[in-house]
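Here is the structure we will look at.
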Amino acid sequence: MDVAIETHGLTKRFGRRRALDGIDLTIPPGQVFGYLGPNGAGKTTTIRLLAGLLRPTAGTATVLGLDVVRERDRMQARLGYLPGSFVGYADLNGEQYLRYLANLRGGVDWNVVTSMAKRLDLDLGRRLGVLSHGNRQKVGIVQALMHRPELVILDEPTTGLDPIIQQEFLGLVRDVRDAGGTVFLSSHIMSEVEAVADHVGIIRDGSLVLVDSVEMLKRRALRRMDLTFAGEPPQSLSAIAGVRELTVSGSTAHLAVEGSTAELLAAAAPHRIEQIVTHEPDLEEIFLSYYDGRG
Ligand SMILES: Nc1ncnc2c1ncn2[C@@H]1O[C@H](COP(=O)(O)OP(=O)(O)OP(=O)(O)O)[C@@H](O)[C@H]1O
């Protein structure tokens, strides 16, 4: 199988409202794909179409080589899926609920369940109905991953998780990828996607506005630098190719540079530089520009 997810012109209308408008997406296996967009952009609609829970109005989608409409049952059997608002059964405790699902799936290695529960600090003995939103979400994560599916689709998986558990969760996602699996996860938080995803897609108003690797995005992102000189910063810095922003405070020039910083450093070198501070490229700015329509 050389493609984990493939869509052509995938479109969904609800009455007259077009929630998704001709999405073309190809995701090879073995990667973590982050699907980003603001509220109402169409993330959940895409995910529900991919999971076979909605029928497309137009276009096609295949998941693990299976058509999500015609071969839905076979596809779902091989999928791990976490819905956006996971509830489960309120009367069952975590273990009862997960054993019930494990039986439906034809059995799972229970050691996988207990080790994931431990990593996520999840008490399997408590009824789902009395769990906090975050703890219930952990049960949802375990049920999506426990059968070691080759593809996992997760709708805003970190909602309600505290930061330490979020890190553990991102570790579980990396484990899936390291075992050769594929993960498709939606989010509206750039930093968590950046921390785990190989590729990202940004959706706005039902259309994909960008698909790229995190590495390429980082190369294109603005890099912020602070150069502190022995004397006043030279005025010529603002004219150097790639310099997008320049503010001066005392003997420090605060710069935002697009692309390579080599030309800037060469121009600054003849002046006495006392300190150079570079900041990690900030993808947030790129995302925000797509979010609000500037991209
Ligand atoms: N069942 C439905 N009936 C009518 N409109 C719907 C339905 N489901 C989604 N929509 C509309 O489709 C659009 C996309 O919604 P969707 O839930 O896919 O967005 P989202 O990106 O997941 O947003 P959020 O981050 O808020 O969950 C929205 O305008 C939403 O109101």
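Lettering and numbering for the structure tokens are positional, with chains as A, B, ... in the shown order, residues counted from 1 in each chain, and ligands counted from 1 in the shown order.
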
All residues having an atom within 9 Å of ligand 1 (only C-alpha atoms and all ligand atoms) as a compact mmCIF listing (two decimals) with N, CA and C atoms, in the first residue's frame:
# COMPACT_ATOMS: atom_id res chain seq x y z
N LYS A 12 -18.70 18.04 0.84
CA LYS A 12 -19.87 17.75 1.66
C LYS A 12 -20.72 19.00 1.84
N ARG A 13 -21.99 18.88 1.47
CA ARG A 13 -22.93 19.97 1.73
C ARG A 13 -23.92 19.54 2.79
N PHE A 14 -24.28 20.46 3.66
CA PHE A 14 -25.39 20.26 4.59
C PHE A 14 -26.46 21.23 4.14
N GLY A 15 -27.48 20.74 3.45
CA GLY A 15 -28.46 21.66 2.87
C GLY A 15 -27.76 22.55 1.87
N ARG A 17 -25.48 24.67 2.78
CA ARG A 17 -24.16 25.05 3.30
C ARG A 17 -23.09 24.06 2.83
N ARG A 18 -22.04 24.58 2.20
CA ARG A 18 -20.96 23.71 1.75
C ARG A 18 -19.89 23.67 2.83
N ALA A 19 -19.84 22.54 3.56
CA ALA A 19 -18.89 22.43 4.67
C ALA A 19 -17.51 22.07 4.17
N LEU A 20 -17.48 21.34 3.04
CA LEU A 20 -16.20 20.89 2.48
C LEU A 20 -16.28 21.02 0.96
N LEU A 36 -5.01 21.27 10.31
CA LEU A 36 -5.24 22.48 11.11
C LEU A 36 -6.28 23.38 10.49
N GLY A 37 -7.00 24.07 11.33
CA GLY A 37 -7.94 25.06 10.82
C GLY A 37 -8.72 25.66 11.96
N PRO A 38 -9.25 26.85 11.74
CA PRO A 38 -10.04 27.49 12.79
C PRO A 38 -11.39 26.79 12.98
N ASN A 39 -12.13 27.19 14.00
CA ASN A 39 -13.45 26.59 14.25
C ASN A 39 -14.33 26.72 13.01
N GLY A 40 -15.01 25.61 12.71
CA GLY A 40 -15.96 25.64 11.60
C GLY A 40 -15.33 25.52 10.22
N ALA A 41 -14.02 25.24 10.16
CA ALA A 41 -13.33 25.21 8.87
C ALA A 41 -13.68 23.96 8.05
N GLY A 42 -14.04 22.88 8.76
CA GLY A 42 -14.37 21.64 8.04
C GLY A 42 -13.53 20.44 8.48
N LYS A 43 -12.81 20.57 9.58
CA LYS A 43 -11.94 19.48 10.04
C LYS A 43 -12.77 18.24 10.42
N THR A 44 -13.76 18.45 11.28
CA THR A 44 -14.57 17.31 11.72
C THR A 44 -15.32 16.69 10.56
N THR A 45 -15.81 17.51 9.66
CA THR A 45 -16.52 16.97 8.49
C THR A 45 -15.59 16.08 7.68
N THR A 46 -14.36 16.53 7.45
CA THR A 46 -13.39 15.71 6.71
C THR A 46 -13.17 14.39 7.43
N ILE A 47 -12.96 14.46 8.73
CA ILE A 47 -12.66 13.26 9.51
C ILE A 47 -13.83 12.28 9.50
N ARG A 48 -15.04 12.81 9.62
CA ARG A 48 -16.22 11.92 9.62
C ARG A 48 -16.42 11.27 8.25
N GLY A 84 -14.53 13.70 17.82
CA GLY A 84 -14.28 15.00 18.46
C GLY A 84 -14.88 15.10 19.84
N ASP A 155 -9.71 13.27 16.13
CA ASP A 155 -10.30 14.61 16.00
C ASP A 155 -10.04 15.41 17.28
N GLU A 156 -9.19 16.38 17.19
CA GLU A 156 -8.81 17.24 18.33
C GLU A 156 -8.51 16.40 19.59
N SER A 186 -6.43 16.16 13.84
CA SER A 186 -6.85 17.55 13.65
C SER A 186 -6.57 18.35 14.91
N SER A 187 -6.42 19.62 14.71
CA SER A 187 -6.11 20.50 15.84
C SER A 187 -6.32 21.94 15.40
N HIS A 188 -6.47 22.82 16.36
CA HIS A 188 -6.36 24.23 15.99
C HIS A 188 -5.18 24.87 16.73
N ILE A 203 -6.86 23.98 6.56
CA ILE A 203 -8.17 24.10 5.92
C ILE A 203 -8.83 25.37 6.42
N ARG A 204 -9.48 26.08 5.48
CA ARG A 204 -10.22 27.29 5.85
C ARG A 204 -11.47 27.36 4.97
N ASP A 205 -12.60 27.58 5.60
CA ASP A 205 -13.87 27.66 4.85
C ASP A 205 -14.06 26.49 3.90
N GLY A 206 -13.72 25.29 4.34
CA GLY A 206 -13.98 24.10 3.54
C GLY A 206 -12.97 23.82 2.45

task = Please provide as a list of chain:residue names all residues within 12 Å of A:Gly171, with the sequence filter that same-chain residues fewer than 3 positions apart are discarded (counting only C-alpha atoms).
result =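 Non-adjacent residues within range: A:Val32, A:Met116, A:Arg119, A:Leu120, A:Ile164, A:Ile165, A:Gln166, A:Gln167, A:Glu168, A:Arg174, A:Asp175, A:Val176, A:Arg177, A:Asp178, A:Glu192, A:Ala195, A:Val196, A:Ala197.
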
task = Considering only C-alpha atoms, return as a VMD selection string whatever protein or nucleic-acid residues lie within 12 Å of A:Ala51, sequence-local ones (same chain, fewer than 2 positions apart) excluded.
result = chain A and resid 5 44 to 49 53 to 56 61 to 64 66 to 69 71 to 83 151 to 155 184

Could you please take those selected residues and save C-alpha atoms as a CSV table (one decimal), in the first residue's frame?
chain,number,residue,atom,x,y,z
A,5,ILE,CA,-5.4,8.3,2.7
A,44,THR,CA,-14.6,17.3,11.7
A,45,THR,CA,-16.5,17.0,8.5
A,46,THR,CA,-13.4,15.7,6.7
A,47,ILE,CA,-12.7,13.3,9.5
A,48,ARG,CA,-16.2,11.9,9.6
A,49,LEU,CA,-16.1,11.4,5.9
A,53,LEU,CA,-19.6,8.2,9.2
A,54,LEU,CA,-20.8,10.7,6.6
A,55,ARG,CA,-21.4,10.2,2.9
A,56,PRO,CA,-19.8,12.6,0.6
A,61,ALA,CA,-12.0,9.1,-0.5
A,62,THR,CA,-10.0,5.9,0.0
A,63,VAL,CA,-8.5,4.9,3.3
A,64,LEU,CA,-6.0,2.1,3.4
A,66,LEU,CA,-10.5,1.0,0.6
A,67,ASP,CA,-13.4,3.2,-0.6
A,68,VAL,CA,-14.9,4.8,2.4
A,69,VAL,CA,-18.5,4.4,1.1
A,71,GLU,CA,-15.9,-0.7,1.5
A,72,ARG,CA,-16.8,1.0,4.7
A,73,ASP,CA,-16.9,-2.0,7.1
A,74,ARG,CA,-13.6,-3.4,6.0
A,75,MET,CA,-12.0,0.0,6.2
A,76,GLN,CA,-13.4,0.7,9.7
A,77,ALA,CA,-12.2,-2.7,11.0
A,78,ARG,CA,-8.6,-1.6,10.2
A,79,LEU,CA,-8.9,2.0,11.5
A,80,GLY,CA,-8.4,3.6,14.9
A,81,TYR,CA,-10.7,6.5,15.4
A,82,LEU,CA,-11.3,9.1,18.1
A,83,PRO,CA,-14.3,11.3,17.6
A,151,LEU,CA,-4.0,4.1,10.5
A,152,VAL,CA,-5.3,6.3,13.3
A,153,ILE,CA,-7.7,9.3,12.8
A,154,LEU,CA,-8.0,11.6,15.8
A,155,ASP,CA,-10.3,14.6,16.0
A,184,PHE,CA,-4.1,11.9,10.9

Tell me, counting only C-alpha atoms, for each residue of stretch 142-214 of chain A within 12 Å of stretch 265-282 of chain A, which pair of atoms is nearest and how far apart they are in Å to one decimal, in rows ordered by chain and increasing number, as JSON lines.
{"residue": "A:Met190", "atom": "CA", "partner": "A:Asp282", "partner_atom": "CA", "distance": 10.0}
{"residue": "A:Ser191", "atom": "CA", "partner": "A:Asp282", "partner_atom": "CA", "distance": 9.4}
{"residue": "A:Glu194", "atom": "CA", "partner": "A:Asp282", "partner_atom": "CA", "distance": 10.1}
{"residue": "A:Val214", "atom": "CA", "partner": "A:Pro281", "partner_atom": "CA", "distance": 11.0}

inquiry  = I need the residue nearest A:Ser207 from this list: A:Tyr89, A:Tyr290, A:Thr60, A:Lys118. Use only C-alpha atoms for the distance.
reply    =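 With only C-alpha atoms as the atom set, the closest residue is A:Tyr290.
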
task = Check the DSSP output for the backbone and give back, as a ChimeraX atom specification, the residues of stretch 40-224 of chain A in helix (DSSP H, G or I).
result = /A:43-50,72-77,94-104,110-119,128-130,133-145,163-178,190-196,214-220

query = Can you tell me, as a PyMOL selection string, what residues are no more than 9 Å from A:Pro28 when counting only C-alpha atoms, ignoring any on the same chain fewer than 3 positions away?
reply = chain A and resi 1-6+31+182

Export, as a short mmCIF file (atom, residue, chain, number, x, y, z; two decimals), in the first residue's frame, the selected residues with N, CA and C atoms.
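To be explicit, this is the file written out as again-v6.cif:
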data_model
loop_
_atom_site.label_atom_id
_atom_site.label_comp_id
_atom_site.auth_asym_id
_atom_site.auth_seq_id
_atom_site.Cartn_x
_atom_site.Cartn_y
_atom_site.Cartn_z
N MET A 1 0.84 -1.20 0.00
CA MET A 1 0.00 0.00 0.00
C MET A 1 0.88 1.25 0.00
N ASP A 2 0.77 2.09 -1.04
CA ASP A 2 1.63 3.27 -1.03
C ASP A 2 0.89 4.56 -0.65
N VAL A 3 -0.40 4.47 -0.41
CA VAL A 3 -1.13 5.64 0.05
C VAL A 3 -2.03 5.25 1.22
N ALA A 4 -1.96 6.01 2.31
CA ALA A 4 -2.81 5.71 3.47
C ALA A 4 -4.18 6.36 3.31
N ILE A 5 -4.17 7.61 2.85
CA ILE A 5 -5.43 8.34 2.66
C ILE A 5 -5.34 9.07 1.32
N GLU A 6 -6.41 8.97 0.53
CA GLU A 6 -6.43 9.70 -0.73
C GLU A 6 -7.84 10.22 -0.99
N GLN A 31 3.46 8.42 8.18
CA GLN A 31 3.69 9.78 8.63
C GLN A 31 2.57 10.27 9.56
N THR A 182 0.27 5.24 10.34
CA THR A 182 -0.03 6.60 9.88
C THR A 182 -0.99 7.23 10.88
#

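Pairwise distance (atom CA of A:Gly242, atom CA of A:Leu210) equals 22.3 Å.
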
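Of note, atom CA of A:Leu185 and atom CA of A:Phe33 are spaced 6.3 Å apart.
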